[in-house]
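*Asks:* One structure follows; several queries about it will come next.
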Amino acid sequence: MATMIPPVKLKWLEHLNSSWITEDSESIATREGVAVLYSKLVSNKEVVPLPQQVLCLKGPQLPDFERESLSSDEQDHYLDALLSSQLALAKMVCSDSPFAGALRKRLLVLQRVFYALSNKYHDKGKVKQQQHSPESSSGSADVHSVSERPRSSTDALIEMGVRTGLSLLFALLRQSWMMPVSGPGLSLCNDVIHTAIEVVSSLPPLSLANESKIPPMGLDCLSQVTTFLKGVTIPNSGADTLGRRLASELLLGLAAQRGSLRYLLEWIEMALGASAVVHTMEKSKLLSSQEGMISFDCFMTILMQMRRSLGSSADRSQWREPTRTSDGLCSLYEAALCLFEEVCRMASDYSRTCASPDSIQTGDAPIVSETCEVYVWGSNSSHQLVEGTQEKILQPKLAPSFSDAQTIEAGQYCTFVISTDGSVRACGKGSYGRLGLGDSNNQSTLKKLTFEPHRSIKKVSSSKGSDGHTLAFTTEGEVFSWGDGDYGKLGHGNSSTQKYPKLIQGPLQGKVCAFFLVIKIIRSSHPCPEHSLHNCTWKFLDGL
């Protein structure tokens, strides 16, 4: 039987690279050859064995089925937990099989040979040895390396190609403007820019907003393209009238896709600057009537995207639009003013949602409006998004069901909504009574909870990782709880499931709670790790 290899730590030695390059690669195909090469790794201390990890046999904690009657959802939950536990155990056992051990050895040998070859032929003189700390754990057959991949010669060639390609493209575009057009409707520059506009318009909104996901070379290319387009928009740039207009539209599309105030303000500055030059040259009658213009439809498409983000509460009577000409154009100057007003309106709308330090201390929550627009996305497996079907939603989608929401709390497969009148509605998964509706059934639409005695709710907090329980904080400083009651986490003096909101009393009766904390008490006296945790107690701190 093959010997199981323990978790290891890798540390490649630079001076041994040449010996690994000369190794017979065909020997890696056999177990005997792999064993010899792996022994070489161990003897050279390039593979350092780590202490063997203890096999964890902990399974899910199950209820007393003879005493408790469970709903079908709860039974499915425990069945899934048992199957997941058995699957994890099977993976751990199979990962320590003779075949898995031989496979891990072969992967380590291949990784060492690849590093030696890459160091000699691709990154020679550029790569410094870094500490490798992948661990081949007993629960996984994968070997990972934490070393950062150095910049290779291939990356340099790609970057050189992109940079020179952009420079060549910009030079050709400038040259095409200076040459007479050979035929009707033919313009290399305008065709290229128009194609770029179509590509940008086809992207989902804010596709370029997350700059952390864009490689540095991509950001540099965006910067070069933006700089070139800004120069094109000036009337004396050498471009024709259509080229300048298309450059302005492409710049606006890129600014909207990047979703940053900085780029929107840069476009406004560009538009105002170009308009000022146009106004000066118009006095000398050196320009045509279509100078300093932009497509009305293109501008309004982007402006309406921004206005939709304000929600239904926005005062549409204050919205202004640029004047549309008979040619379907509008002035760059008017477009810049409209866009600037929209930015100011969005900033004002956002500022009303921000709480000042004084309002935080006094507990005053900012109220934006009586109605709002809520967008939902993600899993809808238990109808927690109130979208009819149980299909996952991959992009933000307007949810009319939440139009009167003041606060929304997303729990584990469930959702709670606090309205402006202090009432609470819930939907989603109902197991363990986590919705507070009196049963354990799933709820596909928002349904109002009943609080006895009647109270106005200020804040709701629902668990994210346990079997489902929820707390509600009233405007009077009282606390209600409901859902799974294991380990007394509901604060009612027992471990029973509570399917209706119940006021926490005991030492809290007559008190005003300012806030609350959750403290997990660990008992290690029991020898079985299955019982060493899971004793949770609510601790409430009283206010004045």
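Labels for the structure tokens follow display order: chains A, B, ..., residues from 1 in each chain, ligands from 1.
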Extract, using only C-alpha atoms, all DNA, RNA and protein residues at most 10 Å from Ser248 (chain A), discarding same-chain residues fewer than 6 positions from it, and format them as a PyMOL selection string.
*Replies:* chain A and resi 229-230+232-234+242+267+270-271+274+292-295+299+332
*Asks:* Selection from above, N, CA and C atoms, as a compact mmCIF listing (two decimals), in the first residue's frame, can you write it?
*Replies:*
```txt
# COMPACT_ATOMS: atom_id res chain seq x y z
N LEU A 229 -9.65 61.56 -27.53
CA LEU A 229 -10.98 62.05 -27.86
C LEU A 229 -11.19 63.49 -27.39
N LYS A 230 -10.63 63.83 -26.24
CA LYS A 230 -10.76 65.22 -25.77
C LYS A 230 -10.12 66.18 -26.75
N VAL A 232 -9.84 65.71 -29.91
CA VAL A 232 -10.61 65.72 -31.17
C VAL A 232 -11.80 66.67 -31.08
N THR A 233 -12.40 66.84 -29.90
CA THR A 233 -13.62 67.62 -29.78
C THR A 233 -13.42 69.12 -29.99
N ILE A 234 -12.19 69.60 -29.91
CA ILE A 234 -11.95 71.03 -30.10
C ILE A 234 -12.08 71.37 -31.58
N LEU A 242 -18.56 66.05 -38.10
CA LEU A 242 -19.12 64.78 -37.65
C LEU A 242 -18.15 64.06 -36.72
N TRP A 267 -16.31 65.41 -18.59
CA TRP A 267 -17.05 65.60 -19.84
C TRP A 267 -17.73 66.96 -19.86
N MET A 270 -15.16 69.46 -20.71
CA MET A 270 -14.82 69.39 -22.12
C MET A 270 -15.89 70.06 -22.97
N ALA A 271 -17.17 69.77 -22.66
CA ALA A 271 -18.28 70.33 -23.44
C ALA A 271 -18.33 71.84 -23.33
N ALA A 274 -15.32 73.29 -25.35
CA ALA A 274 -15.57 73.26 -26.79
C ALA A 274 -16.62 74.29 -27.20
N GLY A 292 -20.38 72.40 -32.40
CA GLY A 292 -20.73 72.43 -30.98
C GLY A 292 -22.03 71.73 -30.67
N MET A 293 -22.34 70.66 -31.42
CA MET A 293 -23.59 69.93 -31.23
C MET A 293 -23.31 68.48 -30.86
N ILE A 294 -24.35 67.81 -30.36
CA ILE A 294 -24.28 66.40 -30.01
C ILE A 294 -25.63 65.77 -30.33
N SER A 295 -25.65 64.48 -30.57
CA SER A 295 -26.90 63.80 -30.88
C SER A 295 -27.87 63.88 -29.69
N PHE A 299 -27.62 61.67 -26.09
CA PHE A 299 -27.51 62.34 -24.79
C PHE A 299 -28.67 62.00 -23.87
N LEU A 332 -24.04 71.40 -27.29
CA LEU A 332 -23.13 70.86 -26.25
C LEU A 332 -23.25 71.68 -24.96
```
*Asks:* Quick one: residues within 12 Å of Ser431 (chain A), only C-alpha atoms counted, chain neighbours fewer than 2 positions away excluded, as number ranges by chain?
*Replies:* A: 70-78, 382, 412-414, 427-429, 433-443, 466-469, 482-484, 497-499
*Asks:* Any idea what's packed within 7 Å of Val460 (chain A), counting only C-alpha atoms, ignoring anything in its chain fewer than 6 positions away? Could you give it as a short mmCIF file (atom, residue, chain, number, x, y, z; two decimals) with C-alpha atoms, in the first residue's frame?
*Replies:*
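Heads up, here's the output in out.cif:
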```cif
data_model
loop_
_atom_site.label_atom_id
_atom_site.label_comp_id
_atom_site.auth_asym_id
_atom_site.auth_seq_id
_atom_site.Cartn_x
_atom_site.Cartn_y
_atom_site.Cartn_z
CA GLU A 409 -33.55 43.41 6.32
CA LEU A 471 -35.17 40.31 16.67
CA ALA A 472 -37.30 43.46 16.36
CA PHE A 473 -36.45 46.73 18.14
#
```
*Asks:* For CA of Leu168 (chain A) and CA of Leu222 (chain A), determine how far apart the two atoms are, in Å to one decimal place.
*Replies:*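 If I compute the distance from CA of Leu168 (chain A) to CA of Leu222 (chain A), I get 15.7 Å.
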